[in-house]
Amino acid sequence: MASRFAGIDFYDVDSLLAEEERMVRDAIREWVEDRVMPIIGHAYVERRFPKELVPEIGELGMLGANLPEEYGCAGLGNVSYGLIMQELERGDSGLRSFASVQGALVMYPIHAFGSEEHRRHWLPKLASGEKIGCFGLTEPDYGSNPAGMITTARETADGGWVLNGTKMWITNGSMADVAVVWAQTRAPGDAKGIRGFVVPTDTPGFSARDQKGKLSLLASDTSELVLQDVRLPASALMPGSTGMRSPLMCLTQARYGISWGAVGAAMACFCEAVDYAGERVMFDGPIAGKQIQQVRIADMLTSITQGQLLCLRLGRLKDEGKMTPQQVSLAKRANVDMACNIAREARRLLGANGILAEYSSMRHMANLESVYTYEGTHDIHSLVLGQTITGIGAF
Amino acid sequence: MNITVCVKRVPDTETRIRIAASGNEIDEGGVKYVLSPYDEFALEAALQVVEEAGSGRVTVLSFGGDATKESLRSALALGAHEAVLLKGEPTMDGWATAQVLASELEGDDAALVLFGVKAVDDDQQQVGPMVAELLGRPCATAVAAMEVGDGVATCWRTVEGGQEVVEIDLPAVATVTKGKYEPRYASLRGIMAAKRKPLREKEAAVVEPGFVVESLEYPPPRPEGRIVGEGPEATAELVRLLREEAKAI
């Protein structure tokens, strides 16, 4: 049996972390080892999100952990938050996606743009995991170009709203109690007209359908939301949401966490590959003693260490209030690409065994293809950086 | 009811230990330190007893250098109410350590002083019973579960092949082993709260160690596996060995 996961720390990154940050990382690492690792392979094969873990995730304080304590959150710094994402995704990207969506895409906008009533009503329940949230921005024909969305919010004579439209690729969609839905309140294409609404999922006209046929993120709820004449009171509008900029701010939060999460998935694959290489005997010796595998694992260690330092620096910038969305694009793009490569190489090192659910690498490899694509595709982040460098938009 | 839990900072059990050039201590470079796992059982026992009683405080006490504060804060994150660090150079001498701790515990109002059954680094199992002796209090060792009543604690002790139930008059000392008390996870709110809990530092009493480590050696290589028999008839012997020898079940 493999030893308990100890992470990777070739550059003594631990000494750059505060004691509190190490304690947070270790607490989540231990929880993932004990509670997630024994079940996640099965859950994945059964195409099931392990919802039974949600109360513990909430109780330990992982949801919206960087939001203030007055709303029932842990009030942690951004590096601690990132380390939570790293450890969760070391378990499975689906689990990290759940926490990212709940924290960065539901709790963050309610905190940042919602009314005080929204905050008081929803945040403590979302923090404890008693309620689950989802985020409806992407549409079937508007993924990379969300500003073009065709979901509409029409104001009624009594000051309420009526929402109509379809949202796609919505993590937590089918199990959510509340949806943060983005809709166009003005003419199509008017980026300033996009506003956010807090929509209880039992509102008449709201329905969610599980996305069938996935080959990635199997231990995650991915759904389509249909909004058909969903009537909402005026109070459903998040007063602080001011156009397309607001959902993009949410995505910056989530992408920040993803850049850490990818490091966790990569570490899981690296550790599995190194353990396996030490035990697997071929041609009278462990394959760890073969030059070709040593090149593989040397490359993996190098890029994990780079990714680790990248997101730690990003976290420090975020804590100092200096982080830019473009820096987040760079980290999300670089680290997820790194993790995709490592997962694939680890799977190859594992040979035929690497295709089994008993091992993690192929699961991570399949998951990371979604992570590569969601929250701004790799290509779109390339264009963000291209525009930042040249000043010329190439979208 | 108040409980004091004495804890020790030890190398993580996953750490690969290297012997330092001096030959009589370990190389601390790159070693990660944790609360001794048996001390975590003791802390969990204390927290559960106080939670069930609905009142009382759990204090964690340790003897060590500045780095020990990290271990104490991790105990605070798990739910202890306050921590005391007796600052000094930790020693392998159980008797010296017991004297240092007992000098602090004299006059302590704790009805129970709990220890892990042993520290996983030096495995000596001395300090708890020695502290009991110094304080003149009864001591139950290797306690797997306990119930605390009025002036008395009932302890279930793990003994070879079974359990022994003992009663000890309070105030008392007990050492706790794996059993009922599965340590909780530190919650993130607990970690934040730990920063605000009191951690008092005091100079430890000076006690000259009378026990010196001459040398350390690596353990011999693990012996080959043993086949106890074949087929269903081997099961009984296998179960007996797993229970009594390997203590795996």
# chains A, B, ... in the order shown; residues from 1 in each chain; ligands from 1

call {"tool": "residues_around", "arguments": {"residues": "region 32-36 of chain A", "least_positions_apart": "3", "cutoff": "7 Å", "atoms": "only C-alpha atoms", "output": "list of chain:residue names"}}
result
A:Ile28, A:Arg29, A:Ile39, A:Ile40, A:Leu88, A:Gly91

call {"tool": "residues_around", "arguments": {"residues": "Arg195 (chain A)", "least_positions_apart": "2", "cutoff": "7 Å", "atoms": "only C-alpha atoms", "output": "VMD selection string"}}
result
chain A and resid 182 to 185 193 197 241 to 243

call {"tool": "write_last_selection", "arguments": {"atoms": "N, CA, C and O atoms", "output": "CSV table (one decimal), in the first residue's frame"}}
result
chain,number,residue,atom,x,y,z
A,182,TRP,N,-26.8,34.7,-14.3
A,182,TRP,CA,-26.5,35.9,-15.0
A,182,TRP,C,-27.4,36.0,-16.2
A,182,TRP,O,-27.5,35.1,-17.0
A,183,ALA,N,-28.0,37.2,-16.3
A,183,ALA,CA,-29.0,37.4,-17.4
A,183,ALA,C,-28.9,38.8,-18.0
A,183,ALA,O,-28.5,39.7,-17.3
A,184,GLN,N,-29.2,38.9,-19.2
A,184,GLN,CA,-29.2,40.2,-19.9
A,184,GLN,C,-30.5,41.0,-19.6
A,184,GLN,O,-31.6,40.5,-19.9
A,185,THR,N,-30.3,42.2,-19.0
A,185,THR,CA,-31.5,43.0,-18.7
A,185,THR,C,-31.8,44.1,-19.8
A,185,THR,O,-32.8,44.8,-19.7
A,193,GLY,N,-25.5,45.5,-19.4
A,193,GLY,CA,-26.9,45.1,-19.0
A,193,GLY,C,-26.9,43.7,-18.3
A,193,GLY,O,-28.0,43.3,-17.8
A,197,PHE,N,-28.6,37.3,-10.5
A,197,PHE,CA,-29.8,37.1,-9.7
A,197,PHE,C,-29.6,35.9,-8.8
A,197,PHE,O,-29.0,34.9,-9.2
A,241,SER,N,-24.2,43.9,-8.7
A,241,SER,CA,-23.7,43.4,-10.0
A,241,SER,C,-23.9,44.5,-11.0
A,241,SER,O,-25.0,45.0,-11.2
A,242,THR,N,-22.8,44.7,-11.7
A,242,THR,CA,-22.8,45.9,-12.7
A,242,THR,C,-22.3,45.5,-14.0
A,242,THR,O,-21.2,45.9,-14.4
A,243,GLY,N,-23.0,44.6,-14.7
A,243,GLY,CA,-22.5,44.3,-16.0
A,243,GLY,C,-21.6,43.1,-16.0
A,243,GLY,O,-21.4,42.5,-15.0

call {"tool": "interface_residues", "arguments": {"of": "chain A", "to": "chain B", "cutoff": "6 Å", "atoms": "only C-alpha atoms", "output": "list in words"}}
result
Ala27, Leu60, Gly61 and Ala74 of chain A

call {"tool": "atom_distance", "arguments": {"atom1": "CA of Asp202 (chain A)", "atom2": "CA of Asn66 (chain A)"}}
result
28.5 Å

call {"tool": "residues_around", "arguments": {"residues": "Leu135 (chain B)", "least_positions_apart": "4", "cutoff": "7 Å", "atoms": "only C-alpha atoms", "output": "ChimeraX atom specification"}}
result
/B:102,106,131

call {"tool": "write_last_selection", "arguments": {"atoms": "C-alpha atoms", "output": "compact mmCIF listing (two decimals), in the first residue's frame"}}
result
# COMPACT_ATOMS: atom_id res chain seq x y z
CA ALA B 102 5.29 17.70 37.71
CA GLU B 106 1.75 20.74 41.41
CA VAL B 131 4.44 12.28 36.86

call {"tool": "residues_around", "arguments": {"residues": "region 95-104 of chain A", "least_positions_apart": "4", "cutoff": "8 Å", "atoms": "only C-alpha atoms", "output": "ChimeraX atom specification"}}
result
/A:49,62-65,85,88-89,91,108-109,126-127,132-135,171-172,219-220,250-251,253-254,257-258,261

call {"tool": "residues_around", "arguments": {"residues": "His121 (chain A)", "least_positions_apart": "6", "cutoff": "12 Å", "atoms": "only C-alpha atoms", "output": "PyMOL selection string"}}
result
chain A and resi 71-72+107+110-111+114-115+127+131+178+198+200

call {"tool": "atom_distance", "arguments": {"atom1": "CA of Phe63 (chain B)", "atom2": "CA of Val5 (chain B)"}}
result
11.9 Å

call {"tool": "select_by_dssp", "arguments": {"residues": "region 15-129 of chain B", "states": "helix (DSSP H, G or I)", "output": "PyMOL selection string"}}
result
chain B and resi 37-53+68-78+94-105+127-129

call {"tool": "residues_around", "arguments": {"residues": "Leu35 (chain B)", "least_positions_apart": "4", "cutoff": "10 Å", "atoms": "only C-alpha atoms", "output": "ChimeraX atom specification"}}
result
/B:7-12,39-40,68,70-72,74-75,119-120

call {"tool": "residues_around", "arguments": {"residues": "Glu375 (chain A)", "least_positions_apart": "4", "cutoff": "10 Å", "atoms": "only C-alpha atoms", "output": "CSV table (one decimal) with N, CA, C and O atoms, in the first residue's frame"}}
result
chain,number,residue,atom,x,y,z
A,138,THR,N,-22.5,30.3,-18.4
A,138,THR,CA,-22.3,29.7,-19.7
A,138,THR,C,-23.6,29.3,-20.4
A,138,THR,O,-24.4,28.7,-19.7
A,143,GLY,N,-20.0,30.3,-24.7
A,143,GLY,CA,-19.0,29.8,-23.7
A,143,GLY,C,-17.9,30.8,-23.5
A,143,GLY,O,-17.9,31.6,-22.6
A,144,SER,N,-17.0,30.8,-24.5
A,144,SER,CA,-15.9,31.8,-24.4
A,144,SER,C,-16.4,33.2,-24.6
A,144,SER,O,-15.6,34.1,-24.3
A,248,LEU,N,-17.1,38.2,-14.4
A,248,LEU,CA,-15.7,38.0,-14.6
A,248,LEU,C,-14.9,38.0,-13.3
A,248,LEU,O,-13.9,37.3,-13.2
A,251,LEU,N,-15.1,34.7,-11.8
A,251,LEU,CA,-14.3,33.7,-12.5
A,251,LEU,C,-12.8,33.9,-12.1
A,251,LEU,O,-12.1,33.0,-12.0
A,252,THR,N,-12.4,35.2,-11.9
A,252,THR,CA,-11.0,35.4,-11.4
A,252,THR,C,-10.8,34.7,-10.1
A,252,THR,O,-9.7,34.0,-9.9
A,254,ALA,N,-12.4,32.0,-9.0
A,254,ALA,CA,-12.4,30.5,-9.2
A,254,ALA,C,-11.1,30.1,-9.9
A,254,ALA,O,-10.5,29.1,-9.6
A,255,ARG,N,-10.7,30.9,-10.9
A,255,ARG,CA,-9.5,30.5,-11.6
A,255,ARG,C,-8.2,30.5,-10.7
A,255,ARG,O,-7.3,29.7,-10.9
A,258,ILE,N,-8.2,27.3,-9.1
A,258,ILE,CA,-7.9,26.2,-10.1
A,258,ILE,C,-6.4,26.2,-10.3
A,258,ILE,O,-5.8,25.1,-10.4
A,329,SER,N,-4.9,34.5,-15.3
A,329,SER,CA,-4.9,33.8,-16.6
A,329,SER,C,-3.6,33.0,-16.8
A,329,SER,O,-3.6,31.9,-17.2
A,332,LYS,N,-3.5,30.0,-14.3
A,332,LYS,CA,-4.5,29.0,-14.6
A,332,LYS,C,-4.0,28.2,-15.9
A,332,LYS,O,-4.0,27.0,-15.9
A,370,SER,N,-11.3,18.6,-18.7
A,370,SER,CA,-12.4,19.6,-18.4
A,370,SER,C,-11.8,20.9,-17.8
A,370,SER,O,-12.2,22.0,-18.1
A,371,VAL,N,-10.9,20.7,-16.8
A,371,VAL,CA,-10.3,21.8,-16.1
A,371,VAL,C,-9.6,22.7,-17.1
A,371,VAL,O,-9.6,24.0,-17.0
A,380,ILE,N,-8.3,30.7,-24.7
A,380,ILE,CA,-8.8,32.1,-24.3
A,380,ILE,C,-7.8,32.8,-23.4
A,380,ILE,O,-7.5,33.9,-23.6
A,381,HIS,N,-7.2,32.0,-22.5
A,381,HIS,CA,-6.2,32.6,-21.6
A,381,HIS,C,-5.0,33.0,-22.4
A,381,HIS,O,-4.3,34.0,-22.1

call {"tool": "atom_distance", "arguments": {"atom1": "CA of Leu105 (chain A)", "atom2": "CA of Gly41 (chain A)"}}
result
26.6 Å

call {"tool": "closest_residue", "arguments": {"among": "B:Pro171, B:Lys202, B:Glu25, B:Leu47", "to": "Gly107 (chain B)", "atoms": "only C-alpha atoms"}}
result
B:Pro171

call {"tool": "select_by_dssp", "arguments": {"residues": "region 58-230 of chain B", "states": "strand (DSSP E or B)", "output": "mmCIF file with N, CA and C atoms, in the first residue's frame"}}
result
data_model
loop_
_atom_site.group_PDB
_atom_site.id
_atom_site.type_symbol
_atom_site.label_atom_id
_atom_site.label_comp_id
_atom_site.auth_asym_id
_atom_site.auth_seq_id
_atom_site.Cartn_x
_atom_site.Cartn_y
_atom_site.Cartn_z
ATOM 1 N N VAL B 58 -9.787 22.411 28.801
ATOM 2 C CA VAL B 58 -8.687 21.510 28.479
ATOM 3 C C VAL B 58 -7.445 22.367 28.245
ATOM 4 N N THR B 59 -6.411 22.079 29.034
ATOM 5 C CA THR B 59 -5.144 22.789 28.871
ATOM 6 C C THR B 59 -4.130 21.809 28.294
ATOM 7 N N VAL B 60 -3.355 22.258 27.310
ATOM 8 C CA VAL B 60 -2.275 21.405 26.818
ATOM 9 C C VAL B 60 -0.959 21.958 27.339
ATOM 10 N N LEU B 61 -0.114 21.039 27.749
ATOM 11 C CA LEU B 61 1.146 21.405 28.381
ATOM 12 C C LEU B 61 2.270 20.673 27.672
ATOM 13 N N SER B 62 3.344 21.405 27.380
ATOM 14 C CA SER B 62 4.484 20.730 26.759
ATOM 15 C C SER B 62 5.783 21.331 27.255
ATOM 16 N N PHE B 63 6.824 20.544 27.159
ATOM 17 C CA PHE B 63 8.168 20.960 27.551
ATOM 18 C C PHE B 63 9.018 20.903 26.290
ATOM 19 N N GLY B 64 9.598 22.039 25.918
ATOM 20 C CA GLY B 64 10.396 22.038 24.696
ATOM 21 C C GLY B 64 10.829 23.436 24.317
ATOM 22 N N GLU B 82 -6.524 26.275 26.277
ATOM 23 C CA GLU B 82 -5.319 27.070 26.470
ATOM 24 C C GLU B 82 -4.105 26.163 26.449
ATOM 25 N N ALA B 83 -2.936 26.802 26.322
ATOM 26 C CA ALA B 83 -1.706 26.023 26.207
ATOM 27 C C ALA B 83 -0.640 26.638 27.088
ATOM 28 N N VAL B 84 0.220 25.785 27.601
ATOM 29 C CA VAL B 84 1.364 26.250 28.389
ATOM 30 C C VAL B 84 2.610 25.580 27.830
ATOM 31 N N LEU B 85 3.605 26.407 27.537
ATOM 32 C CA LEU B 85 4.891 25.870 27.090
ATOM 33 C C LEU B 85 5.915 26.080 28.198
ATOM 34 N N LEU B 86 6.511 24.994 28.639
ATOM 35 C CA LEU B 86 7.627 25.083 29.582
ATOM 36 C C LEU B 86 8.887 25.101 28.730
ATOM 37 N N LYS B 87 9.479 26.276 28.644
ATOM 38 C CA LYS B 87 10.586 26.436 27.698
ATOM 39 C C LYS B 87 11.869 25.855 28.251
ATOM 40 N N LEU B 112 -7.887 15.588 36.027
ATOM 41 C CA LEU B 112 -7.206 14.535 35.271
ATOM 42 C C LEU B 112 -6.010 15.132 34.543
ATOM 43 N N VAL B 113 -4.905 14.430 34.598
ATOM 44 C CA VAL B 113 -3.769 14.767 33.742
ATOM 45 C C VAL B 113 -3.612 13.593 32.781
ATOM 46 N N LEU B 114 -3.720 13.890 31.496
ATOM 47 C CA LEU B 114 -3.653 12.814 30.503
ATOM 48 C C LEU B 114 -2.366 12.902 29.690
ATOM 49 N N PHE B 115 -1.878 11.751 29.315
ATOM 50 C CA PHE B 115 -0.717 11.618 28.434
ATOM 51 C C PHE B 115 -1.097 10.631 27.327
ATOM 52 N N GLY B 116 -0.368 10.669 26.218
ATOM 53 C CA GLY B 116 -0.420 9.544 25.297
ATOM 54 C C GLY B 116 0.281 8.388 25.983
ATOM 55 N N CYS B 139 -2.657 6.248 38.877
ATOM 56 C CA CYS B 139 -2.385 6.311 37.436
ATOM 57 C C CYS B 139 -2.916 5.067 36.744
ATOM 58 N N ALA B 140 -3.693 5.269 35.671
ATOM 59 C CA ALA B 140 -4.120 4.144 34.827
ATOM 60 C C ALA B 140 -3.384 4.295 33.504
ATOM 61 N N THR B 141 -2.783 3.220 33.044
ATOM 62 C CA THR B 141 -2.033 3.311 31.787
ATOM 63 C C THR B 141 -2.783 2.594 30.672
ATOM 64 N N ALA B 142 -2.415 2.933 29.439
ATOM 65 C CA ALA B 142 -2.988 2.297 28.239
ATOM 66 C C ALA B 142 -4.512 2.259 28.298
ATOM 67 N N VAL B 143 -5.092 3.425 28.530
ATOM 68 C CA VAL B 143 -6.548 3.527 28.635
ATOM 69 C C VAL B 143 -7.140 3.696 27.233
ATOM 70 N N ALA B 144 -8.076 2.823 26.895
ATOM 71 C CA ALA B 144 -8.680 2.879 25.562
ATOM 72 C C ALA B 144 -9.990 3.669 25.578
ATOM 73 N N ALA B 145 -10.620 3.742 26.752
ATOM 74 C CA ALA B 145 -11.873 4.501 26.883
ATOM 75 C C ALA B 145 -12.038 4.850 28.354
ATOM 76 N N MET B 146 -12.715 5.941 28.620
ATOM 77 C CA MET B 146 -12.944 6.291 30.024
ATOM 78 C C MET B 146 -14.292 6.968 30.207
ATOM 79 N N GLU B 147 -14.801 6.810 31.442
ATOM 80 C CA GLU B 147 -16.004 7.541 31.836
ATOM 81 C C GLU B 147 -15.663 8.234 33.127
ATOM 82 N N VAL B 148 -15.944 9.508 33.184
ATOM 83 C CA VAL B 148 -15.571 10.259 34.376
ATOM 84 C C VAL B 148 -16.828 10.577 35.163
ATOM 85 N N VAL B 152 -14.410 10.032 40.532
ATOM 86 C CA VAL B 152 -13.817 8.761 40.112
ATOM 87 C C VAL B 152 -13.877 8.645 38.583
ATOM 88 N N ALA B 153 -12.888 7.989 38.018
ATOM 89 C CA ALA B 153 -12.911 7.733 36.572
ATOM 90 C C ALA B 153 -12.822 6.229 36.343
ATOM 91 N N THR B 154 -13.706 5.748 35.479
ATOM 92 C CA THR B 154 -13.665 4.332 35.104
ATOM 93 C C THR B 154 -12.901 4.236 33.786
ATOM 94 N N CYS B 155 -11.895 3.398 33.777
ATOM 95 C CA CYS B 155 -11.037 3.307 32.585
ATOM 96 C C CYS B 155 -11.040 1.885 32.038
ATOM 97 N N TRP B 156 -11.167 1.781 30.747
ATOM 98 C CA TRP B 156 -11.055 0.498 30.058
ATOM 99 C C TRP B 156 -9.624 0.402 29.528
ATOM 100 N N ARG B 157 -8.886 -0.549 30.057
ATOM 101 C CA ARG B 157 -7.474 -0.683 29.682
ATOM 102 C C ARG B 157 -7.311 -1.812 28.673
ATOM 103 N N THR B 158 -6.463 -1.553 27.690
ATOM 104 C CA THR B 158 -6.169 -2.596 26.702
ATOM 105 C C THR B 158 -5.086 -3.487 27.280
ATOM 106 N N VAL B 159 -5.416 -4.765 27.460
ATOM 107 C CA VAL B 159 -4.398 -5.711 27.923
ATOM 108 C C VAL B 159 -4.323 -6.849 26.905
ATOM 109 N N GLY B 162 -7.445 -8.828 25.628
ATOM 110 C CA GLY B 162 -8.724 -8.433 26.206
ATOM 111 C C GLY B 162 -8.687 -7.043 26.813
ATOM 112 N N GLN B 163 -9.642 -6.787 27.704
ATOM 113 C CA GLN B 163 -9.736 -5.471 28.337
ATOM 114 C C GLN B 163 -9.848 -5.622 29.847
ATOM 115 N N GLU B 164 -9.343 -4.642 30.554
ATOM 116 C CA GLU B 164 -9.447 -4.636 32.006
ATOM 117 C C GLU B 164 -10.137 -3.331 32.374
ATOM 118 N N VAL B 165 -11.079 -3.397 33.289
ATOM 119 C CA VAL B 165 -11.784 -2.179 33.704
ATOM 120 C C VAL B 165 -11.288 -1.793 35.088
ATOM 121 N N VAL B 166 -10.811 -0.564 35.217
ATOM 122 C CA VAL B 166 -10.318 -0.108 36.518
ATOM 123 C C VAL B 166 -10.999 1.201 36.893
ATOM 124 N N GLU B 167 -11.031 1.462 38.173
ATOM 125 C CA GLU B 167 -11.530 2.759 38.659
ATOM 126 C C GLU B 167 -10.381 3.482 39.342
ATOM 127 N N ILE B 168 -10.259 4.762 39.062
ATOM 128 C CA ILE B 168 -9.240 5.536 39.767
ATOM 129 C C ILE B 168 -9.900 6.744 40.404
ATOM 130 N N ASP B 169 -9.437 7.045 41.623
ATOM 131 C CA ASP B 169 -9.958 8.221 42.323
ATOM 132 C C ASP B 169 -9.330 9.471 41.723
ATOM 133 N N ALA B 172 -6.319 12.304 39.184
ATOM 134 C CA ALA B 172 -5.551 11.138 38.749
ATOM 135 C C ALA B 172 -4.794 11.458 37.458
ATOM 136 N N VAL B 173 -3.976 10.505 37.104
ATOM 137 C CA VAL B 173 -3.212 10.590 35.854
ATOM 138 C C VAL B 173 -3.587 9.367 35.017
ATOM 139 N N ALA B 174 -3.705 9.554 33.696
ATOM 140 C CA ALA B 174 -3.951 8.387 32.835
ATOM 141 C C ALA B 174 -3.164 8.548 31.544
ATOM 142 N N THR B 175 -2.721 7.424 31.007
ATOM 143 C CA THR B 175 -2.117 7.455 29.675
ATOM 144 C C THR B 175 -3.081 6.761 28.714
ATOM 145 N N VAL B 176 -3.231 7.364 27.552
ATOM 146 C CA VAL B 176 -4.305 6.958 26.643
ATOM 147 C C VAL B 176 -3.708 6.292 25.403
ATOM 148 N N LEU B 199 -1.635 31.179 24.930
ATOM 149 C CA LEU B 199 -0.501 30.251 24.938
ATOM 150 C C LEU B 199 0.550 30.904 25.835
ATOM 151 N N ARG B 200 0.645 30.391 27.071
ATOM 152 C CA ARG B 200 1.577 30.997 28.034
ATOM 153 C C ARG B 200 2.925 30.298 27.944
ATOM 154 N N GLU B 201 3.960 31.099 28.043
ATOM 155 C CA GLU B 201 5.303 30.534 28.033
ATOM 156 C C GLU B 201 5.945 30.769 29.383
ATOM 157 N N LYS B 202 6.601 29.745 29.886
ATOM 158 C CA LYS B 202 7.297 29.856 31.172
ATOM 159 C C LYS B 202 8.648 29.193 31.016
ATOM 160 N N GLU B 203 9.590 29.621 31.837
ATOM 161 C CA GLU B 203 10.866 28.914 31.847
ATOM 162 C C GLU B 203 10.659 27.583 32.577
#

call {"tool": "closest_residue", "arguments": {"among": "B:Gln48, B:Gln99, B:Thr13, B:Ser22", "to": "Val34 (chain B)", "atoms": "only C-alpha atoms"}}
result
B:Thr13
